[in-house]
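Dropping upload_26.cif in here (mmCIF, C-alpha atoms, pLDDT in the B column; chains and numbers go by the auth columns):
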data_my_file
#
loop_
_atom_site.group_PDB
_atom_site.id
_atom_site.type_symbol
_atom_site.label_atom_id
_atom_site.label_comp_id
_atom_site.label_asym_id
_atom_site.label_seq_id
_atom_site.Cartn_x
_atom_site.Cartn_y
_atom_site.Cartn_z
_atom_site.B_iso_or_equiv
_atom_site.auth_seq_id
_atom_site.auth_asym_id
ATOM 1 C CA ILE A 1 -241.446 26.429 -178.094 92.00 8 A
ATOM 2 C CA ASN A 2 -237.741 26.822 -177.507 94.00 9 A
ATOM 3 C CA LEU A 3 -236.603 27.652 -173.974 93.00 10 A
ATOM 4 C CA TYR A 4 -233.099 28.915 -173.272 94.00 11 A
ATOM 5 C CA GLU A 5 -231.442 29.793 -169.955 93.00 12 A
ATOM 6 C CA THR A 6 -228.468 31.866 -168.900 94.00 13 A
ATOM 7 C CA ASP A 7 -227.249 32.656 -165.391 93.00 14 A
ATOM 8 C CA THR A 8 -229.518 35.708 -165.292 94.00 15 A
ATOM 9 C CA ARG A 9 -232.572 34.972 -167.456 93.00 16 A
ATOM 10 C CA PHE A 10 -234.776 32.634 -169.433 91.00 17 A
ATOM 11 C CA LEU A 11 -235.451 33.351 -173.093 94.00 18 A
ATOM 12 C CA LEU A 12 -238.512 31.778 -174.664 95.00 19 A
ATOM 13 C CA CYS A 13 -239.187 31.609 -178.414 96.00 20 A
ATOM 14 C CA VAL A 14 -242.631 30.582 -179.671 95.00 21 A
ATOM 15 C CA ASP A 15 -243.523 29.989 -183.329 92.00 22 A
ATOM 16 C CA LEU A 16 -246.759 31.945 -183.810 93.00 23 A
ATOM 17 C CA ALA A 17 -246.831 32.559 -187.555 88.00 24 A
ATOM 18 C CA GLN A 18 -250.155 34.008 -188.745 87.00 25 A
ATOM 19 C CA VAL A 19 -251.237 34.837 -185.168 92.00 26 A
ATOM 20 C CA ASP A 20 -252.239 38.475 -184.613 91.00 27 A
ATOM 21 C CA PRO A 21 -249.727 39.733 -182.010 91.00 28 A
ATOM 22 C CA ASN A 22 -252.441 41.956 -180.492 92.00 29 A
ATOM 23 C CA ARG A 23 -254.474 38.838 -179.687 91.00 30 A
ATOM 24 C CA ILE A 24 -251.760 36.904 -177.854 95.00 31 A
ATOM 25 C CA ASP A 25 -252.223 36.712 -174.073 95.00 32 A
ATOM 26 C CA VAL A 26 -249.105 36.158 -171.944 93.00 33 A
ATOM 27 C CA LYS A 27 -249.417 35.705 -168.194 92.00 34 A
ATOM 28 C CA VAL A 28 -246.882 34.830 -165.490 86.00 35 A
ATOM 29 C CA THR A 29 -248.004 33.308 -162.209 86.00 36 A
ATOM 30 C CA GLY A 30 -245.243 32.245 -159.848 81.00 37 A
ATOM 31 C CA ASN A 31 -242.907 30.052 -161.904 83.00 38 A
ATOM 32 C CA ARG A 32 -245.447 29.416 -164.676 88.00 39 A
ATOM 33 C CA LEU A 33 -245.831 31.310 -167.941 91.00 40 A
ATOM 34 C CA THR A 34 -249.045 30.821 -169.929 95.00 41 A
ATOM 35 C CA ILE A 35 -249.437 31.809 -173.579 96.00 42 A
ATOM 36 C CA ARG A 36 -252.904 31.842 -175.175 96.00 43 A
ATOM 37 C CA GLY A 37 -254.172 32.837 -178.574 94.00 44 A
ATOM 38 C CA LYS A 38 -255.823 31.673 -181.762 93.00 45 A
ATOM 39 C CA ARG A 39 -254.231 30.748 -185.068 89.00 46 A
ATOM 40 C CA PRO A 40 -256.504 31.138 -188.112 87.00 47 A
ATOM 41 C CA ASP A 41 -257.189 28.173 -190.376 83.00 48 A
ATOM 42 C CA ILE A 42 -254.795 28.422 -193.323 79.00 49 A
ATOM 43 C CA ALA A 43 -256.312 25.590 -195.385 76.00 50 A
ATOM 44 C CA PRO A 44 -257.133 26.302 -199.023 81.00 51 A
ATOM 45 C CA THR A 45 -260.684 27.529 -199.651 83.00 52 A
ATOM 46 C CA GLU A 46 -261.367 24.744 -202.183 89.00 53 A
ATOM 47 C CA PRO A 47 -262.196 21.190 -201.017 90.00 54 A
ATOM 48 C CA VAL A 48 -258.997 19.247 -200.223 86.00 55 A
ATOM 49 C CA ARG A 49 -257.918 15.973 -198.638 89.00 56 A
ATOM 50 C CA VAL A 50 -255.408 16.399 -195.818 85.00 57 A
ATOM 51 C CA HIS A 51 -252.436 14.038 -195.932 90.00 58 A
ATOM 52 C CA VAL A 52 -250.265 15.671 -193.263 90.00 59 A
ATOM 53 C CA MET A 53 -251.123 18.569 -190.946 81.00 60 A
ATOM 54 C CA GLU A 54 -248.363 19.908 -188.713 79.00 61 A
ATOM 55 C CA ILE A 55 -249.504 23.531 -188.543 77.00 62 A
ATOM 56 C CA ASP A 56 -252.227 23.611 -185.919 79.00 63 A
ATOM 57 C CA HIS A 57 -255.036 26.137 -186.145 85.00 64 A
ATOM 58 C CA GLY A 58 -257.648 27.280 -183.688 90.00 65 A
ATOM 59 C CA THR A 59 -257.388 28.218 -180.033 93.00 66 A
ATOM 60 C CA PHE A 60 -254.200 27.261 -178.205 93.00 67 A
ATOM 61 C CA SER A 61 -252.749 27.497 -174.714 95.00 68 A
ATOM 62 C CA ARG A 62 -249.251 26.529 -173.587 94.00 69 A
ATOM 63 C CA ASP A 63 -247.820 26.501 -170.080 95.00 70 A
ATOM 64 C CA VAL A 64 -244.108 26.593 -169.330 92.00 71 A
ATOM 65 C CA GLU A 65 -242.746 26.169 -165.808 89.00 72 A
ATOM 66 C CA PHE A 66 -239.424 27.614 -164.702 82.00 73 A
ATOM 67 C CA PRO A 67 -237.157 26.209 -161.992 75.00 74 A
ATOM 68 C CA ALA A 68 -236.373 29.712 -160.724 74.00 75 A
ATOM 69 C CA VAL A 69 -238.652 32.644 -159.979 84.00 76 A
ATOM 70 C CA VAL A 70 -238.631 35.339 -162.639 88.00 77 A
ATOM 71 C CA ASP A 71 -238.748 39.084 -162.027 90.00 78 A
ATOM 72 C CA ARG A 72 -242.200 39.944 -163.395 86.00 79 A
ATOM 73 C CA ASP A 73 -241.456 43.689 -163.396 89.00 80 A
ATOM 74 C CA ARG A 74 -238.682 43.239 -165.974 93.00 81 A
ATOM 75 C CA ILE A 75 -240.306 40.789 -168.421 92.00 82 A
ATOM 76 C CA GLN A 76 -240.146 41.942 -172.025 95.00 83 A
ATOM 77 C CA ALA A 77 -241.759 40.460 -175.116 94.00 84 A
ATOM 78 C CA SER A 78 -241.419 41.155 -178.812 95.00 85 A
ATOM 79 C CA TYR A 79 -243.006 39.654 -181.931 95.00 86 A
ATOM 80 C CA ARG A 80 -240.670 39.407 -184.912 94.00 87 A
ATOM 81 C CA GLU A 81 -241.276 37.611 -188.208 93.00 88 A
ATOM 82 C CA GLY A 82 -243.854 35.228 -186.740 93.00 89 A
ATOM 83 C CA PHE A 83 -241.920 34.448 -183.562 96.00 90 A
ATOM 84 C CA LEU A 84 -242.836 35.629 -180.077 96.00 91 A
ATOM 85 C CA TRP A 85 -239.711 36.220 -177.964 97.00 92 A
ATOM 86 C CA ILE A 86 -240.124 36.549 -174.214 95.00 93 A
ATOM 87 C CA ASP A 87 -237.215 37.646 -172.027 95.00 94 A
ATOM 88 C CA LEU A 88 -237.754 36.598 -168.397 93.00 95 A
ATOM 89 C CA PRO A 89 -235.013 37.935 -166.107 94.00 96 A
ATOM 90 C CA LYS A 90 -234.433 35.892 -162.956 92.00 97 A
ATOM 91 C CA LYS A 91 -234.985 37.556 -159.607 88.00 98 A
ATOM 92 C CA GLU A 92 -231.743 38.627 -158.033 82.00 99 A
ATOM 93 C CA ALA A 93 -230.787 36.961 -154.763 74.00 100 A
ATOM 94 C CA GLY A 94 -232.417 38.687 -151.802 65.00 101 A
ATOM 95 C CA THR A 95 -235.209 40.355 -153.807 58.00 102 A
#

Serialized structure, structure tokens:
Amino acid sequence: INLYETDTRFLLCVDLAQVDPNRIDVKVTGNRLTIRGKRPDIAPTEPVRVHVMEIDHGTFSRDVEFPAVVDRDRIQASYREGFLWIDLPKKEAGT
């Protein structure tokens, strides 16, 4: 996960290659964003020995907390080339 911030928003980028975008659950509660889903096993079908495994598979859940409250009504997400991008505008002062 990469998290960026400007004066007006947070921008979150999540590497979700091979994850069906229709099966990704994104939820915002207060200052916490939760992403859940399942990445399929991409191991070869023949018997293999694993030496290094950095691409997790199976069910996952990640929580990200923000230091400022986001405007839930203006959150936008898009899935491009295996990356989930979530734009979380900050609430304007007085709202």

What is the atom CA of A:Asp78-atom CA of A:Leu18 distance in Å, reported with one decimal?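 About the pair atom CA of A:Asp78 and atom CA of A:Leu18: they are 12.9 Å apart.
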
Residues within 8 Å of stretch 25-36 of chain A, all atoms listed in the file, excluding chain neighbours under 3 positions, as a ChimeraX atom specification: /A:39-47,79,86,89

Just say which residues the PyMOL selection byres ((chain A and resi 84) around 10) picks in this file, as JSON, numbers by chain. {"A": [18, 19, 20, 33, 82, 83, 85, 86, 87, 91, 92, 93, 94, 95]}

Can you work out the spacing between atom CA of A:Phe17 and atom CA of A:Phe67 in Å, to one decimal?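 Answer for the atom CA of A:Phe17 to atom CA of A:Phe67 separation: 22.0 Å.
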
Hey, can you check how far atom CA of A:Glu99 sits from atom CA of A:Thr13?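 Between these atoms lies a distance of 13.2 Å.
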
Box dimensions and centre (Å, one decimal) enclosing stretch 25-30 of chain A, axis-aligned, 5 Å extra per side, as JSON:
{"center_x": -252.1, "center_y": 38.0, "center_z": -184.2, "size_x": 14.7, "size_y": 17.9, "size_z": 19.1}

Resolved residues for the PyMOL selection byres ((chain A and resi 73) around 9) as a list in words: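 Taken over the shown coordinates, the PyMOL selection byres ((chain A and resi 73) around 9) returns Phe17, Gly37, Asn38, Arg39, Leu40, Val71, Glu72, Pro74, Ala75, Val76 and Val77 of chain A.
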
In terms of the shortest atom-to-atom distance over all atoms listed in the file, which of A:Leu23, A:Glu88, A:Lys97, A:Thr15 is closest to A:Asp63? A:Leu23

Just checking: using only C-alpha atoms, which residue out of A:Asp70, A:Val55, A:Lys98, A:Phe90 ends up closest to A:Val21? A:Phe90

Let me know the residues the PyMOL selection byres ((chain A and resi 59-62) around 10) catches in the file above, as a PyMOL selection string. chain A and resi 24+46+48-50+56-58+63-64

Counting all atoms listed in the file, the residue of A:Ala100, A:Arg81, A:Ile8, A:Glu53 that sits nearest A:Asp22: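 Comparing A:Ala100, A:Arg81, A:Ile8, A:Glu53 against A:Asp22, the winner is A:Ile8.
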